[in-house]
file final.cif (mmCIF, C-alpha atoms)
data_protein
loop_
_atom_site.label_atom_id
_atom_site.label_comp_id
_atom_site.auth_asym_id
_atom_site.auth_seq_id
_atom_site.Cartn_x
_atom_site.Cartn_y
_atom_site.Cartn_z
CA MET A 1 -95.46 -11.63 38.58
CA HIS A 2 -92.82 -9.28 37.10
CA GLU A 3 -91.72 -8.59 40.68
CA LEU A 4 -89.90 -11.93 40.67
CA SER A 5 -87.61 -10.91 37.80
CA VAL A 6 -86.91 -7.45 39.24
CA THR A 7 -86.22 -9.00 42.65
CA GLU A 8 -83.78 -11.41 41.02
CA SER A 9 -82.07 -8.40 39.43
CA ILE A 10 -81.80 -6.68 42.80
CA LEU A 11 -80.21 -9.81 44.24
CA ASP A 12 -77.74 -10.02 41.34
CA ILE A 13 -76.73 -6.36 41.68
CA ALA A 14 -76.41 -6.50 45.48
CA THR A 15 -74.43 -9.75 45.36
CA THR A 16 -72.06 -8.48 42.68
CA HIS A 17 -71.28 -5.28 44.58
CA ALA A 18 -70.98 -7.04 47.94
CA ILE A 19 -68.48 -9.54 46.53
CA LYS A 20 -66.45 -6.73 44.92
CA ALA A 21 -66.36 -4.96 48.31
CA GLU A 22 -65.23 -8.21 49.97
CA ALA A 23 -68.27 -8.20 52.23
CA LYS A 24 -69.18 -11.05 54.53
CA LYS A 25 -72.85 -10.11 54.43
CA VAL A 26 -75.32 -7.58 53.04
CA SER A 27 -77.32 -6.12 55.93
CA ASP A 28 -79.58 -3.56 54.24
CA ILE A 29 -80.78 -2.75 50.74
CA ASN A 30 -82.33 0.61 49.89
CA ILE A 31 -84.72 0.68 46.95
CA VAL A 32 -86.41 3.69 45.35
CA ILE A 33 -89.86 3.21 43.80
CA GLY A 34 -91.74 5.97 42.00
CA GLN A 35 -95.44 6.53 42.63
CA LEU A 36 -96.28 5.61 39.04
CA SER A 37 -94.24 2.41 39.07
CA THR A 38 -96.20 -0.82 38.96
CA ILE A 39 -93.82 -2.49 41.43
CA VAL A 40 -95.53 -3.73 44.61
CA ASP A 41 -93.33 -3.54 47.73
CA ASP A 42 -94.94 -6.54 49.42
CA SER A 43 -94.39 -8.73 46.36
CA VAL A 44 -90.73 -7.76 46.15
CA GLN A 45 -90.35 -8.52 49.87
CA PHE A 46 -92.10 -11.89 49.45
CA TYR A 47 -89.80 -12.97 46.62
CA TRP A 48 -86.76 -11.53 48.40
CA ASP A 49 -87.35 -13.70 51.45
CA ILE A 50 -87.33 -16.77 49.21
CA ILE A 51 -84.55 -16.09 46.69
CA SER A 52 -82.02 -14.48 49.04
CA LYS A 53 -81.85 -17.55 51.30
CA ASP A 54 -78.38 -19.09 51.50
CA THR A 55 -76.78 -16.12 49.72
CA ILE A 56 -74.63 -13.25 50.96
CA CYS A 57 -77.91 -11.29 51.17
CA ASP A 58 -79.71 -13.80 53.42
CA SER A 59 -81.59 -11.99 56.23
CA SER A 60 -80.86 -8.54 54.80
CA GLN A 61 -83.54 -5.91 55.24
CA LEU A 62 -85.20 -4.23 52.27
CA HIS A 63 -86.05 -0.55 52.72
CA PHE A 64 -88.44 1.04 50.24
CA GLU A 65 -88.49 4.77 49.57
CA ARG A 66 -91.53 5.90 47.60
CA ARG A 67 -91.06 8.97 45.39
CA ASP A 68 -93.97 11.19 44.43
CA ALA A 69 -94.87 11.74 40.81
CA VAL A 70 -94.11 15.18 39.41
CA PHE A 71 -95.71 16.45 36.21
CA LEU A 72 -95.00 19.42 33.98
CA CYS A 73 -97.94 21.05 32.22
CA GLN A 74 -96.77 21.65 28.69
CA ASP A 75 -99.38 24.37 28.15
CA CYS A 76 -98.69 26.68 31.13
CA ASN A 77 -95.26 25.31 32.18
CA LYS A 78 -96.33 24.63 35.78
CA GLU A 79 -94.78 21.71 37.70
CA PHE A 80 -97.05 19.91 40.14
CA THR A 81 -97.44 16.78 42.24
CA PRO A 82 -100.83 15.22 41.52
CA GLY A 83 -101.33 13.40 44.83
CA ARG A 84 -102.92 9.95 44.84
CA GLU A 85 -104.92 10.45 41.64
CA ILE A 86 -103.64 11.72 38.32
CA LYS A 87 -105.51 14.90 37.52
CA PRO A 88 -105.31 17.72 34.96
CA CYS A 89 -103.05 20.69 35.64
CA PRO A 90 -104.33 22.54 38.72
CA ASN A 91 -103.29 25.84 37.15
CA CYS A 92 -104.92 25.69 33.70
CA GLY A 93 -106.83 22.38 33.57
CA SER A 94 -104.77 21.00 30.67
CA ILE A 95 -104.10 17.29 30.24
CA ASN A 96 -101.04 17.99 28.07
CA LEU A 97 -98.66 16.74 30.76
CA LYS A 98 -95.11 15.45 30.80
CA ILE A 99 -93.93 13.09 33.56
CA LEU A 100 -90.80 14.48 35.21
CA SER A 101 -90.52 11.85 37.93
CA GLY A 102 -92.46 9.04 39.53
CA GLU A 103 -91.59 6.12 37.26
CA GLU A 104 -88.35 5.28 39.06
CA PHE A 105 -87.40 1.84 40.25
CA TYR A 106 -83.81 1.23 41.27
CA LEU A 107 -81.52 -0.12 43.92
CA ASP A 108 -80.16 3.03 45.56
CA SER A 109 -77.59 1.55 47.95
CA ILE A 110 -76.55 -1.47 49.95
CA GLU A 111 -75.04 -1.70 53.41
CA ILE A 112 -72.52 -4.45 54.04
CA VAL A 113 -70.70 -6.13 56.89
CA LYS A 114 -67.00 -6.78 56.31
#
call {"tool": "encode", "arguments": {"input": "final.cif", "output": "structure tokens"}}
result
Amino acid sequence: MHELSVTESILDIATTHAIKAEAKKVSDINIVIGQLSTIVDDSVQFYWDIISKDTICDSSQLHFERRDAVFLCQDCNKEFTPGREIKPCPNCGSINLKILSGEEFYLDSIEIVK
């Protein structure tokens, strides 16, 4: 259910920037979601279709870019992308890992019509 609040935040950010740019309409919204994020694209889209009605963002398209997780093994200093499952370091087998990326969730850009 936290997708509703993050979707409301996306709408607020997009609306604020569109108004500042004197846009007539927001046509596209580009969102980045890391592999380790708990955000579900379909849920965001579902809420978007409801809450963006009758706003400057009505009928705009959401585009989701998924970013892979990247870990750093703190024992052998190797960076790696774990794939679909989180696994120990493929180089040394350590579980002493630091997340370098994959937890992202942000509105990257909006496209407007003037």
call {"tool": "residues_near_point", "arguments": {"input": "final.cif", "point": "(-100.4, 23.8, 34.6)", "cutoff": "10 Å", "atoms": "all atoms listed in the file", "output": "list of chain:residue names"}}
result
A:Phe71, A:Leu72, A:Cys73, A:Gln74, A:Asp75, A:Cys76, A:Asn77, A:Lys78, A:Glu79, A:Phe80, A:Pro88, A:Cys89, A:Pro90, A:Asn91, A:Cys92, A:Gly93, A:Ser94, A:Ile95, A:Asn96, A:Leu97
call {"tool": "resolve_selection", "arguments": {"input": "final.cif", "expression": "the PyMOL selection byres ((chain A and resi 44-58) around 7)", "output": "list of chain:residue names"}}
result
A:Glu3, A:Leu4, A:Thr7, A:Leu11, A:Thr15, A:Lys24, A:Lys25, A:Val26, A:Val40, A:Asp41, A:Asp42, A:Ser43, A:Ser59, A:Ser60
call {"tool": "atom_distance", "arguments": {"input": "final.cif", "atom1": "atom CA of A:Ile31", "atom2": "atom CA of A:Gln61"}}
result
10.7 Å
call {"tool": "resolve_selection", "arguments": {"input": "final.cif", "expression": "the PyMOL selection byres ((chain A and resi 70) around 10)", "output": "list in words"}}
result
Gly34, Gln35, Leu36, Arg67, Asp68, Ala69, Phe71, Leu72, Glu79, Phe80, Thr81, Pro82, Gly83, Leu97, Lys98, Ile99, Leu100, Ser101, Gly102 and Glu103 of chain A
call {"tool": "atom_distance", "arguments": {"input": "final.cif", "atom1": "atom CA of A:Glu65", "atom2": "atom CA of A:Val32"}}
result
4.8 Å
call {"tool": "atom_distance", "arguments": {"input": "final.cif", "atom1": "atom CA of A:Ser27", "atom2": "atom CA of A:Ile110"}}
result
7.6 Å
call {"tool": "closest_residue", "arguments": {"input": "final.cif", "among": "A:Ser5, A:Ala18, A:Asp12, A:Ile29", "to": "A:Ser109", "atoms": "only C-alpha atoms"}}
result
A:Ile29
call {"tool": "closest_residue", "arguments": {"input": "final.cif", "among": "A:Glu104, A:Glu111, A:Glu85, A:Glu8", "to": "A:Ile33", "atoms": "all atoms listed in the file"}}
result
A:Glu104
call {"tool": "closest_residue", "arguments": {"input": "final.cif", "among": "A:Ser37, A:Ala23, A:Ile10, A:His17", "to": "A:Val113", "atoms": "only C-alpha atoms"}}
result
A:Ala23
call {"tool": "resolve_selection", "arguments": {"input": "final.cif", "expression": "the PyMOL selection byres ((chain A and resi 63) around 6)", "output": "PyMOL selection string"}}
result
chain A and resi 30+62+64
call {"tool": "closest_residue", "arguments": {"input": "final.cif", "among": "A:Lys114, A:Lys20, A:His2, A:Arg84", "to": "A:Ile39", "atoms": "all atoms listed in the file"}}
result
A:His2
